[in-house]
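Text of the file model34.cif, holding mmCIF, C-alpha atoms, pLDDT in the B column; chains and numbers go by the auth columns:
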```cif
data_work
#
loop_
_atom_site.group_PDB
_atom_site.id
_atom_site.type_symbol
_atom_site.label_atom_id
_atom_site.label_comp_id
_atom_site.label_asym_id
_atom_site.label_seq_id
_atom_site.Cartn_x
_atom_site.Cartn_y
_atom_site.Cartn_z
_atom_site.B_iso_or_equiv
_atom_site.auth_seq_id
_atom_site.auth_asym_id
ATOM 1 C CA MET A 1 79.292 129.983 59.681 50.00 489 K
ATOM 2 C CA HIS A 2 80.579 127.780 62.488 52.00 490 K
ATOM 3 C CA LEU A 3 78.826 127.942 65.880 48.00 491 K
ATOM 4 C CA PRO A 4 80.958 128.049 68.995 53.00 492 K
ATOM 5 C CA ARG A 5 81.508 124.608 70.499 52.00 493 K
ATOM 6 C CA SER A 6 79.548 125.566 73.661 48.00 494 K
ATOM 7 C CA THR A 7 76.538 126.571 71.542 52.00 495 K
ATOM 8 C CA THR A 8 76.632 123.293 69.623 58.00 496 K
ATOM 9 C CA TRP A 9 76.725 121.263 72.881 50.00 497 K
ATOM 10 C CA PHE A 10 73.799 123.217 74.331 49.00 498 K
ATOM 11 C CA SER A 11 71.728 122.710 71.181 59.00 499 K
ATOM 12 C CA ALA A 12 72.373 118.964 71.250 56.00 500 K
ATOM 13 C CA LEU A 13 71.382 118.747 74.937 49.00 501 K
ATOM 14 C CA ALA A 14 68.169 120.710 74.320 53.00 502 K
ATOM 15 C CA ALA A 15 67.283 118.422 71.404 59.00 503 K
ATOM 16 C CA ALA A 16 67.850 115.336 73.569 54.00 504 K
ATOM 17 C CA LEU A 17 65.639 116.691 76.339 50.00 505 K
ATOM 18 C CA VAL A 18 62.840 117.465 73.896 50.00 506 K
ATOM 19 C CA ALA A 19 63.084 113.963 72.406 54.00 507 K
ATOM 20 C CA ALA A 20 62.920 112.353 75.844 48.00 508 K
ATOM 21 C CA ALA A 21 59.883 114.412 76.804 49.00 509 K
ATOM 22 C CA CYS A 22 58.092 113.427 73.599 53.00 510 K
ATOM 23 C CA ALA A 23 58.944 109.720 73.818 48.00 511 K
ATOM 24 C CA PRO A 24 56.027 107.381 74.580 45.00 512 K
ATOM 25 C CA GLN A 25 55.603 106.735 78.292 42.00 513 K
ATOM 26 C CA PRO A 26 54.238 103.512 79.796 39.00 514 K
ATOM 27 C CA PRO A 27 50.582 103.926 80.725 39.00 515 K
ATOM 28 C CA ALA A 28 49.824 104.421 84.415 40.00 516 K
ATOM 29 C CA PRO A 29 47.303 102.079 86.020 40.00 517 K
ATOM 30 C CA ALA A 30 43.746 103.322 85.695 40.00 518 K
ATOM 31 C CA PRO A 31 42.372 104.997 88.832 42.00 519 K
ATOM 32 C CA ALA A 32 40.998 102.423 91.209 39.00 520 K
ATOM 33 C CA PRO A 33 37.395 103.002 92.295 46.00 521 K
ATOM 34 C CA LEU A 34 36.270 102.489 95.857 57.00 522 K
ATOM 35 C CA GLY A 35 33.994 99.721 96.991 71.00 523 K
ATOM 36 C CA TYR A 36 36.341 96.730 96.973 79.00 524 K
ATOM 37 C CA ASP A 37 34.673 93.777 98.667 81.00 525 K
ATOM 38 C CA PHE A 38 37.333 91.056 98.445 86.00 526 K
ATOM 39 C CA ARG A 39 41.024 91.041 99.351 88.00 527 K
ATOM 40 C CA ALA A 40 43.688 88.384 98.754 90.00 528 K
ATOM 41 C CA VAL A 41 47.314 88.308 99.889 88.00 529 K
ATOM 42 C CA GLY A 42 50.292 86.079 99.141 88.00 530 K
ATOM 43 C CA GLN A 43 53.943 85.793 100.062 83.00 531 K
ATOM 44 C CA GLU A 44 57.376 85.225 98.535 78.00 532 K
ATOM 45 C CA PRO A 45 57.179 87.503 96.644 81.00 533 K
ATOM 46 C CA GLY A 46 54.598 89.542 98.537 83.00 534 K
ATOM 47 C CA TRP A 47 51.461 90.488 96.620 88.00 535 K
ATOM 48 C CA SER A 48 47.944 91.727 97.318 89.00 536 K
ATOM 49 C CA LEU A 49 44.766 91.886 95.278 90.00 537 K
ATOM 50 C CA ASP A 50 41.694 94.057 95.850 89.00 538 K
ATOM 51 C CA LEU A 51 38.594 93.041 93.910 88.00 539 K
ATOM 52 C CA ARG A 52 35.169 94.570 93.398 85.00 540 K
ATOM 53 C CA ARG A 53 33.190 91.431 92.681 80.00 541 K
ATOM 54 C CA ARG A 54 30.028 92.959 91.245 78.00 542 K
ATOM 55 C CA ASP A 55 31.846 94.292 88.162 78.00 543 K
ATOM 56 C CA GLY A 56 35.211 92.536 88.333 82.00 544 K
ATOM 57 C CA TRP A 57 37.314 95.647 88.822 87.00 545 K
ATOM 58 C CA LEU A 58 40.644 94.633 90.347 89.00 546 K
ATOM 59 C CA HIS A 59 43.788 96.319 91.614 89.00 547 K
ATOM 60 C CA LEU A 60 46.925 94.189 91.954 90.00 548 K
ATOM 61 C CA THR A 61 50.199 94.921 93.741 88.00 549 K
ATOM 62 C CA LEU A 62 53.084 92.553 92.978 86.00 550 K
ATOM 63 C CA ASP A 63 56.664 92.019 94.131 80.00 551 K
ATOM 64 C CA TYR A 64 56.319 93.889 97.426 73.00 552 K
ATOM 65 C CA GLY A 65 54.772 96.936 95.747 73.00 553 K
ATOM 66 C CA ARG A 66 57.183 97.331 92.835 81.00 554 K
ATOM 67 C CA THR A 67 54.488 96.487 90.247 84.00 555 K
ATOM 68 C CA ARG A 68 50.911 97.810 90.286 87.00 556 K
ATOM 69 C CA LEU A 69 48.167 96.883 87.825 87.00 557 K
ATOM 70 C CA ALA A 70 44.530 97.879 87.553 88.00 558 K
ATOM 71 C CA ALA A 71 41.983 96.408 85.145 89.00 559 K
ATOM 72 C CA ALA A 72 38.338 95.532 84.579 88.00 560 K
ATOM 73 C CA ALA A 73 37.880 91.754 84.526 86.00 561 K
ATOM 74 C CA THR A 74 35.364 89.712 82.581 83.00 562 K
ATOM 75 C CA PRO A 75 32.194 88.664 84.435 74.00 563 K
ATOM 76 C CA ALA A 76 32.893 85.975 87.001 76.00 564 K
ATOM 77 C CA ALA A 77 32.624 82.369 85.883 79.00 565 K
ATOM 78 C CA THR A 78 31.845 79.546 88.289 78.00 566 K
ATOM 79 C CA GLU A 79 33.712 76.279 87.840 74.00 567 K
ATOM 80 C CA PRO A 80 32.838 72.790 89.102 69.00 568 K
ATOM 81 C CA GLY A 81 33.568 72.619 92.808 68.00 569 K
ATOM 82 C CA GLY A 82 32.434 76.189 93.429 77.00 570 K
ATOM 83 C CA ALA A 83 35.579 78.103 92.397 84.00 571 K
ATOM 84 C CA THR A 84 35.025 81.587 90.946 87.00 572 K
ATOM 85 C CA VAL A 85 37.278 82.817 88.131 90.00 573 K
ATOM 86 C CA TYR A 86 37.947 86.340 86.838 91.00 574 K
ATOM 87 C CA THR A 87 40.111 87.092 83.798 92.00 575 K
ATOM 88 C CA ALA A 88 41.470 90.471 82.722 91.00 576 K
ATOM 89 C CA ARG A 89 43.837 91.930 80.169 89.00 577 K
ATOM 90 C CA THR A 90 45.847 95.149 80.213 88.00 578 K
ATOM 91 C CA ASP A 91 47.947 96.547 77.371 87.00 579 K
ATOM 92 C CA VAL A 92 50.805 94.231 78.302 88.00 580 K
ATOM 93 C CA HIS A 93 49.550 91.670 80.821 90.00 581 K
ATOM 94 C CA GLU A 94 47.044 88.819 81.053 93.00 582 K
ATOM 95 C CA LEU A 95 45.555 88.141 84.490 92.00 583 K
ATOM 96 C CA ARG A 96 43.518 85.288 85.903 93.00 584 K
ATOM 97 C CA VAL A 97 42.147 85.097 89.453 93.00 585 K
ATOM 98 C CA ARG A 98 40.723 81.829 90.775 92.00 586 K
ATOM 99 C CA ILE A 99 38.971 81.956 94.168 91.00 587 K
ATOM 100 C CA GLU A 100 38.401 78.558 95.771 88.00 588 K
ATOM 101 C CA PRO A 101 36.040 78.146 98.771 81.00 589 K
ATOM 102 C CA GLU A 102 38.603 76.310 100.893 83.00 590 K
ATOM 103 C CA ARG A 103 40.176 77.206 104.205 82.00 591 K
ATOM 104 C CA CYS A 104 43.598 78.788 103.785 86.00 592 K
ATOM 105 C CA ARG A 105 46.312 79.926 106.198 83.00 593 K
ATOM 106 C CA ASP A 106 48.820 82.652 105.385 78.00 594 K
ATOM 107 C CA VAL A 107 52.350 81.229 105.431 75.00 595 K
ATOM 108 C CA MET A 108 53.866 84.315 107.072 71.00 596 K
ATOM 109 C CA SER A 109 51.318 85.495 109.622 68.00 597 K
ATOM 110 C CA GLY A 110 49.487 82.203 110.243 71.00 598 K
ATOM 111 C CA GLU A 111 46.185 84.068 109.827 75.00 599 K
ATOM 112 C CA ALA A 112 43.215 81.916 108.743 77.00 600 K
ATOM 113 C CA PHE A 113 41.155 82.842 105.669 82.00 601 K
ATOM 114 C CA PRO A 114 37.959 81.300 104.248 84.00 602 K
ATOM 115 C CA ALA A 115 39.215 81.207 100.631 87.00 603 K
ATOM 116 C CA ARG A 116 42.230 79.995 98.689 90.00 604 K
ATOM 117 C CA VAL A 117 43.348 82.200 95.784 94.00 605 K
ATOM 118 C CA VAL A 118 45.429 81.304 92.736 94.00 606 K
ATOM 119 C CA LEU A 119 46.621 84.332 90.773 94.00 607 K
ATOM 120 C CA SER A 120 48.142 84.024 87.301 93.00 608 K
ATOM 121 C CA VAL A 121 50.037 86.891 85.648 93.00 609 K
ATOM 122 C CA ASP A 122 51.230 86.140 82.107 92.00 610 K
ATOM 123 C CA GLY A 123 51.196 82.450 82.949 91.00 611 K
ATOM 124 C CA ARG A 124 53.146 82.754 86.213 93.00 612 K
ATOM 125 C CA GLU A 125 51.209 81.538 89.233 94.00 613 K
ATOM 126 C CA TYR A 126 51.067 83.158 92.661 93.00 614 K
ATOM 127 C CA ARG A 127 49.254 81.429 95.512 93.00 615 K
ATOM 128 C CA GLY A 128 47.671 83.020 98.546 92.00 616 K
ATOM 129 C CA CYS A 129 44.578 83.433 100.704 91.00 617 K
ATOM 130 C CA GLY A 130 41.594 85.753 100.612 89.00 618 K
ATOM 131 C CA ARG A 131 38.381 86.825 102.274 86.00 619 K
ATOM 132 C CA PRO A 132 35.318 88.931 101.509 84.00 620 K
ATOM 133 C CA LEU A 133 35.335 92.377 103.095 77.00 621 K
ATOM 134 C CA ASP A 134 31.565 92.560 103.453 58.00 622 K
ATOM 135 C CA GLY A 135 28.759 90.427 104.805 45.00 623 K
ATOM 136 C CA PRO A 136 28.805 87.508 107.251 39.00 624 K
ATOM 137 C CA GLU A 137 31.578 85.664 105.371 39.00 625 K
ATOM 138 C CA THR A 138 34.171 88.314 106.197 41.00 626 K
ATOM 139 C CA ASN A 139 35.258 86.399 109.291 41.00 627 K
ATOM 140 C CA LEU A 140 33.837 82.952 109.726 39.00 628 K
ATOM 141 C CA THR A 141 35.324 82.518 113.196 45.00 629 K
ATOM 142 C CA SER A 142 35.100 86.086 114.514 59.00 630 K
ATOM 143 C CA PRO A 143 32.244 88.287 115.750 73.00 631 K
ATOM 144 C CA PRO A 144 31.479 91.452 113.773 80.00 632 K
ATOM 145 C CA LEU A 145 33.617 94.556 114.105 86.00 633 K
ATOM 146 C CA ARG A 146 30.651 96.665 115.173 87.00 634 K
ATOM 147 C CA GLY A 147 28.674 96.029 118.322 88.00 635 K
ATOM 148 C CA THR A 148 31.301 93.760 119.906 89.00 636 K
ATOM 149 C CA TYR A 149 33.102 94.446 123.177 92.00 637 K
ATOM 150 C CA TRP A 150 36.790 94.348 122.236 93.00 638 K
ATOM 151 C CA LYS A 151 39.122 93.940 125.216 92.00 639 K
ATOM 152 C CA LEU A 152 42.618 95.377 124.666 94.00 640 K
ATOM 153 C CA VAL A 153 45.247 92.667 125.216 91.00 641 K
ATOM 154 C CA GLU A 154 48.311 94.003 123.406 93.00 642 K
ATOM 155 C CA LEU A 155 49.579 97.499 122.664 93.00 643 K
ATOM 156 C CA GLY A 156 52.587 98.106 120.451 90.00 644 K
ATOM 157 C CA GLY A 157 53.589 94.463 120.774 86.00 645 K
ATOM 158 C CA GLN A 158 53.498 94.516 124.592 88.00 646 K
ATOM 159 C CA PRO A 159 50.922 92.904 126.926 89.00 647 K
ATOM 160 C CA VAL A 160 48.447 95.334 128.431 90.00 648 K
ATOM 161 C CA ARG A 161 48.682 96.232 132.131 82.00 649 K
ATOM 162 C CA ARG A 162 45.536 96.594 134.209 76.00 650 K
ATOM 163 C CA GLY A 163 45.376 98.202 137.639 66.00 651 K
ATOM 164 C CA GLY A 164 43.549 96.585 140.531 58.00 652 K
ATOM 165 C CA ASP A 165 40.554 98.925 140.547 55.00 653 K
ATOM 166 C CA ALA A 166 40.839 100.299 137.012 57.00 654 K
ATOM 167 C CA ARG A 167 38.291 99.505 134.360 79.00 655 K
ATOM 168 C CA GLU A 168 39.894 97.268 131.741 88.00 656 K
ATOM 169 C CA PRO A 169 40.954 98.966 128.487 93.00 657 K
ATOM 170 C CA HIS A 170 38.494 98.165 125.745 94.00 658 K
ATOM 171 C CA LEU A 171 36.811 99.490 122.621 95.00 659 K
ATOM 172 C CA ARG A 172 33.305 99.188 121.225 94.00 660 K
ATOM 173 C CA LEU A 173 32.159 100.463 117.808 94.00 661 K
ATOM 174 C CA LEU A 174 28.403 100.958 117.974 92.00 662 K
ATOM 175 C CA ALA A 175 26.351 98.847 115.586 84.00 663 K
ATOM 176 C CA ASP A 176 23.625 101.389 114.770 84.00 664 K
ATOM 177 C CA GLU A 177 25.629 104.618 114.407 89.00 665 K
ATOM 178 C CA PRO A 178 29.244 105.611 113.649 92.00 666 K
ATOM 179 C CA ARG A 179 30.288 106.267 117.241 95.00 667 K
ATOM 180 C CA LEU A 180 32.757 104.537 119.522 96.00 668 K
ATOM 181 C CA SER A 181 33.004 104.113 123.262 95.00 669 K
ATOM 182 C CA GLY A 182 35.451 102.384 125.536 94.00 670 K
ATOM 183 C CA ALA A 183 37.964 102.831 128.308 94.00 671 K
ATOM 184 C CA THR A 184 41.695 103.422 128.597 93.00 672 K
ATOM 185 C CA GLY A 185 42.150 101.767 131.995 91.00 673 K
ATOM 186 C CA CYS A 186 41.717 105.092 133.798 91.00 674 K
ATOM 187 C CA ASN A 187 39.296 107.104 131.663 93.00 675 K
ATOM 188 C CA HIS A 188 36.311 106.633 129.397 93.00 676 K
ATOM 189 C CA LEU A 189 36.808 106.869 125.622 95.00 677 K
ATOM 190 C CA LEU A 190 34.494 108.433 123.082 95.00 678 K
ATOM 191 C CA GLY A 191 34.606 109.432 119.430 96.00 679 K
ATOM 192 C CA GLY A 192 33.470 108.424 115.963 96.00 680 K
ATOM 193 C CA PHE A 193 34.668 106.194 113.146 95.00 681 K
ATOM 194 C CA GLU A 194 34.569 105.648 109.382 92.00 682 K
ATOM 195 C CA SER A 195 34.903 102.254 107.701 85.00 683 K
ATOM 196 C CA ASP A 196 34.868 100.856 104.165 79.00 684 K
ATOM 197 C CA GLY A 197 35.924 97.276 103.561 74.00 685 K
ATOM 198 C CA ASP A 198 38.887 96.767 105.874 80.00 686 K
ATOM 199 C CA MET A 199 39.609 100.492 106.002 87.00 687 K
ATOM 200 C CA LEU A 200 38.992 101.988 109.435 92.00 688 K
ATOM 201 C CA ARG A 201 39.590 105.510 110.688 94.00 689 K
ATOM 202 C CA LEU A 202 38.755 106.608 114.233 96.00 690 K
ATOM 203 C CA THR A 203 37.735 110.261 114.422 95.00 691 K
ATOM 204 C CA GLY A 204 37.490 112.797 117.229 95.00 692 K
ATOM 205 C CA VAL A 205 38.926 110.366 119.780 95.00 693 K
ATOM 206 C CA GLY A 206 38.757 111.873 123.253 93.00 694 K
ATOM 207 C CA MET A 207 38.482 110.822 126.889 93.00 695 K
ATOM 208 C CA THR A 208 37.472 111.982 130.312 93.00 696 K
ATOM 209 C CA ARG A 209 40.118 113.670 132.442 90.00 697 K
ATOM 210 C CA MET A 210 40.492 111.574 135.587 90.00 698 K
ATOM 211 C CA ALA A 211 44.115 111.186 136.669 87.00 699 K
ATOM 212 C CA CYS A 212 45.747 107.757 136.635 87.00 700 K
ATOM 213 C CA VAL A 213 47.215 107.024 140.075 86.00 701 K
ATOM 214 C CA ASP A 214 49.618 104.464 138.626 88.00 702 K
ATOM 215 C CA PRO A 215 52.269 106.157 136.404 91.00 703 K
ATOM 216 C CA MET A 216 52.552 103.021 134.272 90.00 704 K
ATOM 217 C CA LEU A 217 48.821 103.076 133.593 91.00 705 K
ATOM 218 C CA ALA A 218 49.040 106.764 132.720 92.00 706 K
ATOM 219 C CA GLU A 219 51.793 106.070 130.195 94.00 707 K
ATOM 220 C CA GLN A 220 49.846 103.145 128.730 94.00 708 K
ATOM 221 C CA GLU A 221 46.756 105.329 128.418 95.00 709 K
ATOM 222 C CA GLN A 222 48.697 107.908 126.381 95.00 710 K
ATOM 223 C CA ARG A 223 50.051 105.218 124.061 96.00 711 K
ATOM 224 C CA PHE A 224 46.579 103.704 123.615 97.00 712 K
ATOM 225 C CA VAL A 225 44.968 107.000 122.607 96.00 713 K
ATOM 226 C CA ALA A 226 47.892 107.825 120.295 96.00 714 K
ATOM 227 C CA ALA A 227 47.527 104.421 118.612 97.00 715 K
ATOM 228 C CA LEU A 228 43.790 104.913 118.050 97.00 716 K
ATOM 229 C CA GLN A 229 44.482 108.200 116.283 95.00 717 K
ATOM 230 C CA ARG A 230 46.820 106.462 113.789 96.00 718 K
ATOM 231 C CA VAL A 231 44.572 103.557 112.770 96.00 719 K
ATOM 232 C CA ALA A 232 44.149 103.106 109.011 93.00 720 K
ATOM 233 C CA ARG A 233 42.681 99.600 108.719 90.00 721 K
ATOM 234 C CA TYR A 234 41.733 96.526 110.718 89.00 722 K
ATOM 235 C CA ARG A 235 41.985 92.746 110.571 85.00 723 K
ATOM 236 C CA LEU A 236 39.664 90.161 112.128 81.00 724 K
ATOM 237 C CA ALA A 237 40.603 86.539 112.768 73.00 725 K
ATOM 238 C CA ASP A 238 39.676 83.937 115.373 68.00 726 K
ATOM 239 C CA SER A 239 37.790 86.356 117.653 78.00 727 K
ATOM 240 C CA ARG A 240 40.712 88.773 117.635 84.00 728 K
ATOM 241 C CA LEU A 241 40.817 92.307 116.269 90.00 729 K
ATOM 242 C CA ALA A 242 44.032 93.968 115.119 91.00 730 K
ATOM 243 C CA LEU A 243 44.244 97.693 114.398 94.00 731 K
ATOM 244 C CA LEU A 244 46.899 98.555 111.832 93.00 732 K
ATOM 245 C CA VAL A 245 48.639 101.349 109.982 92.00 733 K
ATOM 246 C CA GLY A 246 50.371 99.947 106.910 86.00 734 K
ATOM 247 C CA THR A 247 51.714 96.579 108.039 81.00 735 K
ATOM 248 C CA ASP A 248 52.325 97.717 111.636 89.00 736 K
ATOM 249 C CA VAL A 249 50.006 96.275 114.281 91.00 737 K
ATOM 250 C CA LEU A 250 49.166 99.104 116.674 95.00 738 K
ATOM 251 C CA ALA A 251 46.897 97.215 119.057 95.00 739 K
ATOM 252 C CA GLN A 252 45.297 93.796 119.477 92.00 740 K
ATOM 253 C CA PHE A 253 41.936 93.024 121.079 93.00 741 K
ATOM 254 C CA VAL A 254 39.977 89.909 121.945 89.00 742 K
ATOM 255 C CA ALA A 255 36.172 89.658 121.875 87.00 743 K
ATOM 256 C CA VAL A 256 34.459 88.999 125.189 85.00 744 K
ATOM 257 C CA GLU A 257 30.781 88.361 125.725 71.00 745 K
ATOM 258 C CA ARG A 258 30.443 90.152 129.044 56.00 746 K
ATOM 259 C CA PRO A 259 32.701 93.127 129.832 45.00 747 K
ATOM 260 C CA GLY A 260 34.559 92.968 133.111 45.00 748 K
ATOM 261 C CA GLY A 261 34.274 95.748 135.678 42.00 749 K
#
```
If you took the structure in this file and wrote it as structure tokens, what would it be?
Amino acid sequence: MHLPRSTTWFSALAAALVAAACAPQPPAPAPAPLGYDFRAVGQEPGWSLDLRRRDGWLHLTLDYGRTRLAAAATPAATEPGGATVYTARTDVHELRVRIEPERCRDVMSGEAFPARVVLSVDGREYRGCGRPLDGPETNLTSPPLRGTYWKLVELGGQPVRRGGDAREPHLRLLADEPRLSGATGCNHLLGGFESDGDMLRLTGVGMTRMACVDPMLAEQEQRFVAALQRVARYRLADSRLALLVGTDVLAQFVAVERPGG
């Protein structure tokens, strides 16, 4: 018995779909645990590496995010000169991370880092810079994130305006509890925060309700509060604090020892 041509075509399509569904799929990267305490970045092509040094777990993003790998590395080995080396192997890739205790400057941003990093993937080398995300080494030239008076100097890429009698816009994350305080230029700020490594989220951000006499200050205040509500991570370098979401810099601050009035 001959099947109608339409039935034969449908049967062939169904068989092809079943075969495709049953074909082996490339393994997805293993889930990345929290607690990273070292980050490295490099350029051309862009890459980033998050490392949990105590057990060597690493998560690597290559080629501007097109390739992602996760693996457990061998215990760190220390080489002459103080360099630390981690090696790892996935089903298809061999990785080697060499962290050298030398000053390094990112070629794109100009940001200074305390470590130079050489990454090797299947024999191809990528060079970049890195820093610990915990402890006093995190920023060798900057004060700590918490407990420092951070004066707002740039908002959305524009210099910050300050009125004659207005309190300068600033932010302070308390050192002994997860609360923040500060000022917008017209009003006082308050709220909470959560941080882990370079991750930072500001929670429950609010302010007092005094009116800004200067319309430009009022508009700046609204943009400042909106920026604080979007923060996802931070960066410290040379006594400056940048608040970011993705790669966008929302606001920039500078550390001052004595807050102005």
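The closest residue to Val701 in chain K, picked from K:Gly673, K:Thr562, K:Leu724, K:Ala715 and counting all atoms listed in the file, is K:Gly673.
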Measuring atom to atom with only C-alpha atoms, identify which of K:His547, K:Ala565, K:Ala720, K:Val744 is nearest to Met687 in chain K.
-> K:Ala720
At what distance in Å, to one decimal, does CA of Val713 in chain K lie from CA of Gly645 in chain K?
->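 Pair CA of Gly645 in chain K / CA of Val713 in chain K returns 15.3 Å.
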Which of these, K:Thr691, K:Gln708, K:Ser683, K:Thr572, has the shortest distance to Leu633 in chain K once you count only C-alpha atoms?
-> K:Ser683
For this file, the PyMOL selection byres ((chain K and resi 636) around 12) selects which residues, as a VMD selection string?
-> chain K and resid 630 to 635 637 to 639 658 to 664 668 to 670 724 727 to 729 741 to 747
Picked residues, the PyMOL selection byres ((chain K and resi 602-613) around 10), expected as number ranges by chain = K: 527-530, 535-537, 548, 550, 571-577, 580-594, 600-601, 614-620, 625-629
Name the residues captured by the PyMOL selection byres ((chain K and resi 648) around 10) when it is applied to the shown file; answer as JSON, numbers by chain.
-> {"K": [639, 640, 641, 642, 643, 644, 645, 646, 647, 649, 650, 656, 657, 673, 705, 708, 712, 739, 740]}
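When all atoms listed in the file are used to measure the gap to Phe526 in chain K, the shortest distance among K:Ala558, K:Ala730, K:Leu546, K:Leu621 belongs to K:Leu621.
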May I ask for the distance between CA of Val737 in chain K and CA of Met596 in chain K, given in Å to one decimal place?
-> 14.5 Å
Which value, in Å to one decimal, gives the distance between CA of Gly694 in chain K and CA of Thr735 in chain K?
-> 25.2 Å
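Considering the residues K:Val693, K:Leu688, K:Met704, K:Val595 and counting only C-alpha atoms, Tyr722 in chain K has its shortest atom-to-atom contact with K:Leu688.
Of the residues listed (K:Asp551, K:Glu709, K:Asp543, K:Glu665), K:Asp543 shows the shortest atom-to-atom separation from Pro563 in chain K; distances use all atoms listed in the file.
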